[in-house]
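Asks: Before I ask anything, let me first share the structure, which is written out below as structure tokens.
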Amino acid sequence: MKTLRLLSLGAVGATALLLSGCGGNSSGAASRIDVHFPPQTFTFDTSPSVNVPAGGTFPSVACGTVNDCYGGLFDSPNHFVNLTTTLVCVQDAPSGPATCLAQIPETVSTMVSLAGQSGIPGDDALVDITIPGLSYAVSSATMNVNLEGVTLYLAPSGVTDPNDPQAILFGALPTIISDTEPQGEVQLMSNSVETMEMFTANTSIPFALIAAATLNVPGGSLVGPLTVTVSGSLTGYAAAPSKG
């Protein structure tokens, strides 16, 4: 659980947090709000970058250099990979053969809207946030490669690139083992609460949640979609925007 300020559950339940100055609401006291974080669904799909023959698996191509990979996978009549796909020649074991591996960056974004939820008045700011937890669940897994290094970013509405300077790292998922559909907790960053507060300064404005990963697809792999859903809850206090 991530929290910006140390507040005991008993104190939170029994006492309103008093706010003063420009950040306070019209009554001078903030009300606690439990916010449902709407489920956000991300589908990672290798299909647009990797084409497969009738057997449904990415072909295994022996290599001495990466040029062998591009010759065997891109320049072949089947065009197993598109031109922008990065290929590497990897030796699986010190004495074993080297084969080609495709490295496919995947970025998916969704829009998060907190507006309209019970207890969120108008365009109030949500401050003093606690994140009891964000969870993830995997479904529709039809690829037999591990999904590693999934990172989550928050960004202003319209931003879809995790490399955009406006996108801020927010959390990460542990490695999702192939052929499994696990559930677990998102690993939040140490500054995740501060980051969330940046994007809830006006609760009527939606923001982007971006998921990014790089899929390593070796020969003989089944390719296709894998869907990850992120959901959870937030707790905070309403502070009406300054009127002047």
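Lettering and numbering for the structure tokens are positional, with chains as A, B, ... in the shown order, residues counted from 1 in each chain, and ligands counted from 1 in the shown order.
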Just the residues within 7 Å of Val186 of chain A, please, counting only C-alpha atoms, with nothing from its chain fewer than 6 positions along; format it as a list in words.

Replies: Leu134, Ser135, Tyr136, Gly171, Ala172 and Leu173 of chain A

Asks: For segment 138-149 of chain A, work out the shell of residues within 6 Å, counting only C-alpha atoms and skipping chain neighbours fewer than 3 positions away, then give it as a list of chain:residue names.

Replies: A:Thr175, A:Ile176, A:Ile177, A:Ser178, A:Asp179, A:Glu181, A:Pro182, A:Ala213, A:Ser221, A:Leu222, A:Val223, A:Gly224, A:Pro225, A:Leu226, A:Thr227, A:Val228

Asks: With only C-alpha atoms as the atoms that count, which of A:Val217, A:Ala212, A:Met196, A:Leu152 lies nearest to Cys100 of chain A?

Replies: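 Smallest separation from Cys100 of chain A among the options: A:Val217.
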
Asks: Determine, counting only C-alpha atoms, which protein, DNA and RNA residues have an atom within 10 Å of an atom of Leu169 of chain A; residues of the same chain fewer than 5 positions away are not included. Present the result as a list in words.

Replies: Thr151, Leu152, Tyr153, Leu154, Ala155, Pro162, Asn163, Leu188, Met189, Asn191, Ser192, Thr195, Leu209, Ile210 and Ala211 of chain A

Asks: Can you write just those residues out, N, CA and C atoms, as a PDB file, in the first residue's frame?

Replies:
ATOM      1  N   THR A 151       6.018  -2.158 -17.928  1.00  0.00           N
ATOM      2  CA  THR A 151       6.057  -0.959 -17.092  1.00  0.00           C
ATOM      3  C   THR A 151       4.831  -0.102 -17.379  1.00  0.00           C
ATOM      4  N   LEU A 152       4.327   0.553 -16.349  1.00  0.00           N
ATOM      5  CA  LEU A 152       3.139   1.396 -16.450  1.00  0.00           C
ATOM      6  C   LEU A 152       3.517   2.856 -16.242  1.00  0.00           C
ATOM      7  N   TYR A 153       2.920   3.723 -17.036  1.00  0.00           N
ATOM      8  CA  TYR A 153       3.192   5.155 -16.971  1.00  0.00           C
ATOM      9  C   TYR A 153       1.861   5.911 -16.878  1.00  0.00           C
ATOM     10  N   LEU A 154       1.867   7.033 -16.187  1.00  0.00           N
ATOM     11  CA  LEU A 154       0.758   7.969 -16.229  1.00  0.00           C
ATOM     12  C   LEU A 154       1.184   9.156 -17.086  1.00  0.00           C
ATOM     13  N   ALA A 155       0.235   9.669 -17.850  1.00  0.00           N
ATOM     14  CA  ALA A 155       0.548  10.781 -18.749  1.00  0.00           C
ATOM     15  C   ALA A 155      -0.708  11.601 -19.001  1.00  0.00           C
ATOM     16  N   PRO A 162       5.522   6.067 -24.046  1.00  0.00           N
ATOM     17  CA  PRO A 162       6.162   6.094 -22.725  1.00  0.00           C
ATOM     18  C   PRO A 162       7.450   6.897 -22.693  1.00  0.00           C
ATOM     19  N   ASN A 163       8.037   7.171 -23.862  1.00  0.00           N
ATOM     20  CA  ASN A 163       9.258   7.969 -23.925  1.00  0.00           C
ATOM     21  C   ASN A 163       8.980   9.464 -23.970  1.00  0.00           C
ATOM     22  N   LEU A 188       4.208  -0.831  -7.376  1.00  0.00           N
ATOM     23  CA  LEU A 188       4.186   0.620  -7.506  1.00  0.00           C
ATOM     24  C   LEU A 188       5.556   1.220  -7.233  1.00  0.00           C
ATOM     25  N   MET A 189       5.847   2.342  -7.892  1.00  0.00           N
ATOM     26  CA  MET A 189       7.089   3.051  -7.659  1.00  0.00           C
ATOM     27  C   MET A 189       7.023   3.790  -6.316  1.00  0.00           C
ATOM     28  N   ASN A 191       7.408   6.812  -5.709  1.00  0.00           N
ATOM     29  CA  ASN A 191       6.739   8.116  -5.829  1.00  0.00           C
ATOM     30  C   ASN A 191       5.387   7.994  -6.522  1.00  0.00           C
ATOM     31  N   SER A 192       4.791   6.805  -6.483  1.00  0.00           N
ATOM     32  CA  SER A 192       3.544   6.588  -7.219  1.00  0.00           C
ATOM     33  C   SER A 192       2.405   7.467  -6.718  1.00  0.00           C
ATOM     34  N   THR A 195       2.869  10.946  -8.024  1.00  0.00           N
ATOM     35  CA  THR A 195       2.546  10.929  -9.449  1.00  0.00           C
ATOM     36  C   THR A 195       1.036  10.922  -9.661  1.00  0.00           C
ATOM     37  N   LEU A 209      -3.098   5.975 -19.067  1.00  0.00           N
ATOM     38  CA  LEU A 209      -2.302   4.924 -18.440  1.00  0.00           C
ATOM     39  C   LEU A 209      -1.679   4.124 -19.579  1.00  0.00           C
ATOM     40  N   ILE A 210      -0.359   4.112 -19.626  1.00  0.00           N
ATOM     41  CA  ILE A 210       0.383   3.484 -20.721  1.00  0.00           C
ATOM     42  C   ILE A 210       1.095   2.243 -20.202  1.00  0.00           C
ATOM     43  N   ALA A 211       0.989   1.155 -20.930  1.00  0.00           N
ATOM     44  CA  ALA A 211       1.721  -0.077 -20.614  1.00  0.00           C
ATOM     45  C   ALA A 211       2.713  -0.348 -21.738  1.00  0.00           C
TER      46      ALA A 211
END

Asks: For Met111 of chain A, which residue among A:Gly184, A:Gly236, A:Gly158, A:Gly64 is the nearest when counting only C-alpha atoms?

Replies: A:Gly158

Asks: Calculate how many Å separate atom CA of Pro132 of chain A from atom CA of Thr41 of chain A, rounding to one decimal.

Replies: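 It comes out at 19.8 Å.
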
Asks: Atom CA of Phe58 of chain A to atom CA of Thr107 of chain A: how many Å, to one decimal?

Replies: 21.0 Å

Asks: What lies within 6 Å of Ala125 of chain A using only C-alpha atoms, ignoring chain neighbours under 6 positions off, as a PyMOL selection string?

Replies: chain A and resi 200-203+238-240

Asks: Output all heavy atoms for every residue in that selection, as a JSON list (two decimals), in the first residue's frame.

Replies:
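As a result, part-v3.json now contains:
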[["chain", "number", "residue", "atom", "x", "y", "z"],
["A", 200, "THR", "N", -4.62, 13.91, -10.66],
["A", 200, "THR", "CA", -5.96, 14.06, -10.08],
["A", 200, "THR", "C", -6.14, 15.46, -9.52],
["A", 200, "THR", "O", -7.00, 15.69, -8.69],
["A", 200, "THR", "CB", -6.20, 13.01, -8.98],
["A", 200, "THR", "OG1", -5.19, 13.14, -7.96],
["A", 200, "THR", "CG2", -6.15, 11.59, -9.55],
["A", 201, "ALA", "N", -5.33, 16.40, -9.97],
["A", 201, "ALA", "CA", -5.46, 17.79, -9.54],
["A", 201, "ALA", "C", -6.78, 18.38, -10.02],
["A", 201, "ALA", "O", -7.28, 19.35, -9.47],
["A", 201, "ALA", "CB", -4.29, 18.63, -10.04],
["A", 202, "ASN", "N", -7.34, 17.80, -11.06],
["A", 202, "ASN", "CA", -8.68, 18.15, -11.53],
["A", 202, "ASN", "C", -9.34, 16.83, -11.95],
["A", 202, "ASN", "O", -9.00, 16.26, -12.98],
["A", 202, "ASN", "CB", -8.63, 19.12, -12.70],
["A", 202, "ASN", "CG", -10.00, 19.61, -13.12],
["A", 202, "ASN", "OD1", -10.99, 18.88, -13.06],
["A", 202, "ASN", "ND2", -10.08, 20.85, -13.58],
["A", 203, "THR", "N", -10.25, 16.34, -11.12],
["A", 203, "THR", "CA", -10.79, 15.00, -11.34],
["A", 203, "THR", "C", -11.72, 14.92, -12.55],
["A", 203, "THR", "O", -12.14, 13.82, -12.93],
["A", 203, "THR", "CB", -11.55, 14.52, -10.10],
["A", 203, "THR", "OG1", -12.50, 15.52, -9.71],
["A", 203, "THR", "CG2", -10.58, 14.26, -8.95],
["A", 238, "ALA", "N", -11.06, 15.35, -0.91],
["A", 238, "ALA", "CA", -11.44, 16.34, -1.92],
["A", 238, "ALA", "C", -10.99, 17.71, -1.49],
["A", 238, "ALA", "O", -11.18, 18.12, -0.36],
["A", 238, "ALA", "CB", -12.95, 16.33, -2.12],
["A", 239, "ALA", "N", -10.37, 18.41, -2.42],
["A", 239, "ALA", "CA", -9.99, 19.80, -2.17],
["A", 239, "ALA", "C", -10.39, 20.60, -3.38],
["A", 239, "ALA", "O", -9.83, 20.42, -4.47],
["A", 239, "ALA", "CB", -8.48, 19.90, -1.93],
["A", 240, "ALA", "N", -11.35, 21.45, -3.25],
["A", 240, "ALA", "CA", -11.84, 22.22, -4.38],
["A", 240, "ALA", "C", -10.75, 23.12, -4.91],
["A", 240, "ALA", "O", -9.93, 23.64, -4.15],
["A", 240, "ALA", "CB", -13.04, 23.06, -3.96]]

Asks: Near Thr214 of chain A, counting only C-alpha atoms, which residues have an atom at most 6 Å away, once you skip same-chain residues fewer than 4 positions from it, shown as a ChimeraX atom specification?

Replies: /A:104-106

Asks: Residues as selected, all heavy atoms, written as an mmCIF file, in the first residue's frame, can you do that?

Replies:
data_model
loop_
_atom_site.group_PDB
_atom_site.id
_atom_site.type_symbol
_atom_site.label_atom_id
_atom_site.label_comp_id
_atom_site.auth_asym_id
_atom_site.auth_seq_id
_atom_site.Cartn_x
_atom_site.Cartn_y
_atom_site.Cartn_z
ATOM 1 N N ILE A 104 10.232 -7.439 -30.056
ATOM 2 C CA ILE A 104 9.078 -6.668 -30.502
ATOM 3 C C ILE A 104 8.625 -5.728 -29.388
ATOM 4 O O ILE A 104 8.089 -6.179 -28.372
ATOM 5 C CB ILE A 104 7.920 -7.596 -30.903
ATOM 6 C CG1 ILE A 104 8.398 -8.594 -31.964
ATOM 7 C CG2 ILE A 104 6.729 -6.801 -31.402
ATOM 8 C CD1 ILE A 104 7.395 -9.672 -32.266
ATOM 9 N N PRO A 105 8.832 -4.423 -29.539
ATOM 10 C CA PRO A 105 8.319 -3.479 -28.535
ATOM 11 C C PRO A 105 6.812 -3.357 -28.659
ATOM 12 O O PRO A 105 6.255 -3.289 -29.756
ATOM 13 C CB PRO A 105 9.021 -2.169 -28.889
ATOM 14 C CG PRO A 105 9.327 -2.288 -30.349
ATOM 15 C CD PRO A 105 9.555 -3.744 -30.622
ATOM 16 N N GLU A 106 6.141 -3.362 -27.520
ATOM 17 C CA GLU A 106 4.682 -3.247 -27.487
ATOM 18 C C GLU A 106 4.312 -2.086 -26.558
ATOM 19 O O GLU A 106 4.788 -2.016 -25.423
ATOM 20 C CB GLU A 106 4.051 -4.534 -26.961
ATOM 21 C CG GLU A 106 4.170 -5.718 -27.917
ATOM 22 C CD GLU A 106 3.028 -5.754 -28.916
ATOM 23 O OE1 GLU A 106 1.889 -5.409 -28.540
ATOM 24 O OE2 GLU A 106 3.275 -6.120 -30.076
#

Asks: DSSP says strand (DSSP E) for which residues of segment 107-142 of chain A? Put them as an NGL selection string?

Replies: :A and (107-112 or 125-139)

Asks: Take atom CA of Pro39 of chain A and atom CA of Gly232 of chain A and report the distance between them in Å, one decimal.

Replies: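 Answer for the atom CA of Pro39 of chain A to atom CA of Gly232 of chain A separation: 7.4 Å.
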
Asks: For each of A:Phe37, A:Phe199, A:Phe44, A:Phe207, take the minimum atom-to-atom distance to Asp124 of chain A, counting only C-alpha atoms, then give the residue where this is smallest.

Replies: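 Comparing A:Phe37, A:Phe199, A:Phe44, A:Phe207 against Asp124 of chain A, the winner is A:Phe199.
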
Asks: Which of these, A:Ala98, A:Leu73, A:Met198, A:Val66, has the shortest distance to Pro156 of chain A once you count only C-alpha atoms?

Replies: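 Looking at the shortest contact to Pro156 of chain A, the residue is A:Met198.
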